[in-house]
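Data first, discussion second: the structure below is written as structure tokens.
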Protein chains: 2
Amino acid sequence: VKKRATPLVSSLGEFGLIARVQRRLKGKTSVVVEGIGDDCAVYRASPGRYQIITTDALVENVHFTLSTHDAETLGRKILAVNLSDLAAMGARPRVAVIVLGLPATLPVSFLDRFYRGLDGLGRGYGVTLVGGDTVRSPKGLWVSLTLVGEVKRNRFFTRAGARPGQMLLVSGTLGDSAMGLKLLSPGKKTKKWKARPREQDFLTRRHLDPTPRMELSQALAASRIRVGAMIDISDGLAQDLGHVCAASGVGAEVELERLPISQPVEKICFRNKLQTRDWALAGGEDFELLFTTPREDVKNLRRLTARVGVPVTEIGVITANPGNIRFLQRGRPLRLNRPPLGYDHFP
Amino acid sequence: VKKRATPLVSSLGEFGLIARVQRRLKGKTSVVVEGIGDDCAVYRASPGRYQIITTDALVENVHFTLSTHDAETLGRKILAVNLSDLAAMGARPRVAVIVLGLPATLPVSFLDRFYRGLDGLGRGYGVTLVGGDTVRSPKGLWVSLTLVGEVKRNRFFTRAGARPGQMLLVSGTLGDSAMGLKLLSPGKKTKKWKARPREQDFLTRRHLDPTPRMELSQALAASRIRVGAMIDISDGLAQDLGHVCAASGVGAEVELERLPISQPVEKICFRNKLQTRDWALAGGEDFELLFTTPREDVKNLRRLTARVGVPVTEIGVITANPGNIRFLQRGRPLRLNRPPLGYDHFP
């Protein structure tokens with residue numbers, strides 16, 4: 001066995017690893033009755049509220065590469081993607097548990113930086129990491145996080161609540177993350193793209209360090225604005241709108257000119273003769289919120305989004321034709337040559 | 001690409017996989033408000049109770065091999081090990097979420113059998129699978145399950161409640177699972193062991209299909225019997241007793257003659273000149289409950305265990321010497337040559 005300067009995960013042993021995680025998770029909050037270190041964690045549940053649970057995993061060389069995601073970024077991202085799922089339901093996050101699949105050759109310092117990222121983001125959103133499991137992975141790193149939160153009994157958002165005539169809205173801008181990913185791992189064509197450093201920075205940050213739209217979601221949940229359906233965009237607008245229409249038994253019309261595009265995507269597309277709409281419709285991992293609301297509530301919504309400081313754009317309307325999603329350009333339906341398929345991690 | 005008769009996981013695509021899981025998870029219970037198919041699952045929390053959460057993962061060729069664990073067994077086991085953690089706290093299970101890391105070459109039928117096993121066991125314990133994530137694994141299968149349950153506000157068990165003078169007790173028999181594992185994956189020495197088919201059957205079943213001691217735990221939680229500390233034995237008695245002593249700031253004396261040994265382990269040890277105590281102290285994955293109770297409560301405990309039908313054995317006593325665990329043979333401390341270290345999955 002070669003001696004190495006960097007301590008590796010395999011040198012800690014299972015209990016060493018557990019102790020290391022425990023030290024990072026000392027922060028007890030008022031929610032936590034028993035934290036990490038026992039067989040389970042115990043936490044308080046509020047009366048008058050429902051509990052809500054979601055889980056998401058990230059796998060090395062499937063969802064991320066260590067050459068583009070440093071440890072801290074990965075720690076933030078595994079929490080951010082789960083927070084985004086909670087945001088999509090109008091929920092407030094409370095506690096999380098994590099499972100890490102670690103290759104034996106991983107440096108121990110990676111773990112410390114990973115937890116620093118996770119903790120930092122968790123603190124900002126009131127999430128307490130209350131436990132987990134650490135296992136050996138025969139190949140590659142993987143991370144699986146379960147997030148538990150709560151919603152008011154009669155105030156949470158699902159994919160199934162869209163109704164004909166409701167406005168279709170989306171937060172932020174679309175396609176940034178997908179283009180950021182392309183810039184991080186350029187292919188033959190992408191290599192020749194002209195992108196300014198500041199554009200590159202903005203877009204790669206949008207991919208590596210997504211912001212869950214928790215504030216917008218919380219503000220909506222606390223407001224009287226009627227929300228029909230809501231979903232977070234993880235597979236691309238077209239695909240996730242498909243999920244909403246399928247679950248709600250409705251159709252939709254999207255006005256392509258209205259799709260919110262960031263300046264960097266706009267400029268890179270213009271310079272390199274790309275279609276912004278392709279990025280907006282098919283780009284994955286935007287983690288923006290797509291939702292519907294009755295037309296009468298749009299005025300109040302405008303006030304709310306101004307207060308929260310998150311831009312929200314009307315991009316279309318819900319129709320009564322189940323499963324029929326039409327993309328309009330200057331009012332006319334557009335046949336898209338390549339259907340925007342979004343992400344599929346089992347290609 | 002070669003054509004195969006067996007449909008592989010890679011042939012389904014991500015949404016095909018999700019749909020397949022959803023079909024298996026149609027069973028809504030009164031706990032579940034929104035089940036799988038949305039960004040999160042929503043479930044009711046009972047007033048007057050705390051929520052409790054635990055997570056555990058099993059990795060192919062680290063915790064199991066597919067040559068010894070069929071799909072259904074693995075589905076049962078990933079739930080059983082998490083149920084055992086809840087049992088160790090006196091909790092009632094409610095909902096679970098699961099993440100599956102799937103190699104592309106896995107036959108689709110594996111998933112169906114896996115969920116059949118998981119569903120079957122879950123039904124028996126009132127667990128509803130409410131969601132999950134399916135990701136690609138570059139090498140080997142892994143499964144990560146998070147289980148949420150509840151405990152009464154003032155009635156749950158931790159590792160930290162052991163007090164000097166309390167009796168130390170353990171459910172069932174010890175070492176069965178470890179010996180079952182050896183019989184399943186025999187080494188050079190093990191190959192020559194004389195084991196009868198019925199012994200082999202019993203022990204391998206104890207390893208492959210462990211029974212979480214949920215009934216005993218629930219009965220204790222519902223009783224007036226004072227429970228000091230409780231833990232489920234996953235790393236071997238010696239190690240898990242160490243966890244209890246460390247968390248409680250106490251020591252313990254264990255009478256080796258009292259350790260509960262099954263007839264198959266007894267006989268195989270006798271026939272092959274093995275020490276039963278080695279298996280009882282160091283054997284991992286027993287998933288029996290180790291707990292303490294004041295001497296005055298032992299009589300009531302006897303009545304309770306007779307009613308529940310789970311054997312419980314007094315194996316020693318808690319002492320006031322922090323961290324000092326003594327193993328007594330005929331009343332005298334025994335120096336164990338090889339310290340029984342139990343399991344460590346990062347060797």
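Every chain in the structure tokens takes a letter, A first, then B, and so on in the order presented; its residues are numbered from 1, and the ligands are numbered from 1 following the presented order.
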Residues of chain A within 8 Å of chain B: nearest atom pair and distance (Å, one decimal) for each, counting only C-alpha atoms, sorted by chain and number, as CSV?
```
residue,atom,partner,partner_atom,distance
A:Ser10,CA,B:Phe346,CA,5.8
A:Leu12,CA,B:Phe346,CA,7.7
A:Gly13,CA,B:Phe346,CA,4.7
A:Glu14,CA,B:Phe346,CA,5.2
A:Phe15,CA,B:Asp344,CA,7.6
A:Asp38,CA,B:Arg159,CA,6.3
A:Asp39,CA,B:Asp85,CA,5.0
A:Cys40,CA,B:Thr54,CA,4.7
A:Ala41,CA,B:Ile53,CA,5.3
A:Val42,CA,B:Ile52,CA,4.3
A:Tyr43,CA,B:Gln51,CA,5.3
A:Arg44,CA,B:Tyr50,CA,4.8
A:Ala45,CA,B:Tyr50,CA,5.8
A:Ser46,CA,B:Pro47,CA,7.4
A:Pro47,CA,B:Pro47,CA,5.4
A:Arg49,CA,B:Ala45,CA,7.3
A:Tyr50,CA,B:Arg44,CA,4.8
A:Gln51,CA,B:Tyr43,CA,5.3
A:Ile52,CA,B:Val42,CA,4.3
A:Ile53,CA,B:Ala41,CA,5.3
A:Thr54,CA,B:Cys40,CA,4.7
A:Thr55,CA,B:Gly132,CA,5.8
A:Asp56,CA,B:Asp133,CA,5.7
A:Ala57,CA,B:Asp133,CA,6.9
A:Leu58,CA,B:Val135,CA,7.7
A:Val59,CA,B:Ser137,CA,7.1
A:Asn61,CA,B:Pro138,CA,7.9
A:Val62,CA,B:Arg136,CA,6.9
A:Asp85,CA,B:Asp39,CA,5.0
A:Leu86,CA,B:Cys40,CA,6.5
A:Ala88,CA,B:Asp39,CA,6.6
A:Met89,CA,B:Asp39,CA,6.9
A:Val97,CA,B:Thr55,CA,6.8
A:Ile98,CA,B:Thr55,CA,7.5
A:Val99,CA,B:Ala57,CA,7.0
A:Ala104,CA,B:Phe346,CA,7.8
A:Gly131,CA,B:Thr54,CA,7.0
A:Gly132,CA,B:Thr55,CA,5.8
A:Asp133,CA,B:Asp56,CA,5.7
A:Val135,CA,B:Ala57,CA,7.1
A:Arg136,CA,B:Phe346,CA,6.6
A:Ser137,CA,B:Val59,CA,7.1
A:Pro138,CA,B:Lys139,CA,7.0
A:Lys139,CA,B:Lys139,CA,6.0
A:Gly140,CA,B:Pro138,CA,7.4
A:Ser144,CA,B:Val99,CA,7.3
A:Thr146,CA,B:Thr146,CA,6.9
A:Thr158,CA,B:Asp38,CA,6.5
A:Arg159,CA,B:Asp38,CA,6.3
A:Ile231,CA,B:Asp39,CA,6.9
A:Asp232,CA,B:Asp39,CA,7.7
A:Asp344,CA,B:Glu14,CA,5.6
A:His345,CA,B:Glu14,CA,6.0
A:Phe346,CA,B:Gly13,CA,4.7
A:Pro347,CA,B:Gly13,CA,6.0
```
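When DSSP reads the backbone of this structure, the residues of stretch 51-117 of chain A it assigns to alpha helix (DSSP H) are Ala71, Glu72, Thr73, Leu74, Gly75, Arg76, Lys77, Ile78, Leu79, Ala80, Val81, Asn82, Leu83, Ser84, Asp85, Leu86, Ala87, Val108, Ser109, Phe110, Leu111, Asp112, Arg113, Phe114, Tyr115, Arg116 and Gly117 of chain A.
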Sel. of strand (DSSP E or B) residues, stretch 123-297 of chain B, as a PyMOL selection string: chain B and resi 128-136+142-152+155+158+167-171+229-232+251-255+289-293
Distance criterion (only C-alpha atoms): nearest to B:Ile318 out of B:Gly165, B:Gly228, B:Pro294, B:Pro186: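 Ranking B:Gly165, B:Gly228, B:Pro294, B:Pro186 by distance to B:Ile318, first place goes to B:Gly165.
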Residue contacts of B:Arg224 (12 Å, only C-alpha atoms) excluding same-chain residues fewer than 2 positions away, as a PyMOL selection string: chain B and resi 154-155+218-222+226-227+293-294+296-298+300-301+304
Å distance separating atom CA of B:Ala282 from atom CA of B:Leu237, one decimal place: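 Atom CA of B:Leu237 lies at a distance of 6.3 Å from atom CA of B:Ala282.
Take the candidates A:Thr6, A:Gln275, A:Thr73, A:Thr204 and check each one against A:Tyr115 using only C-alpha atoms; the shortest distance goes to A:Thr73.
Each of A:Arg163, A:Arg271, A:Arg206, A:Lys192 was compared to A:Cys245 using only C-alpha atoms, and A:Arg163 turns out to be the nearest.
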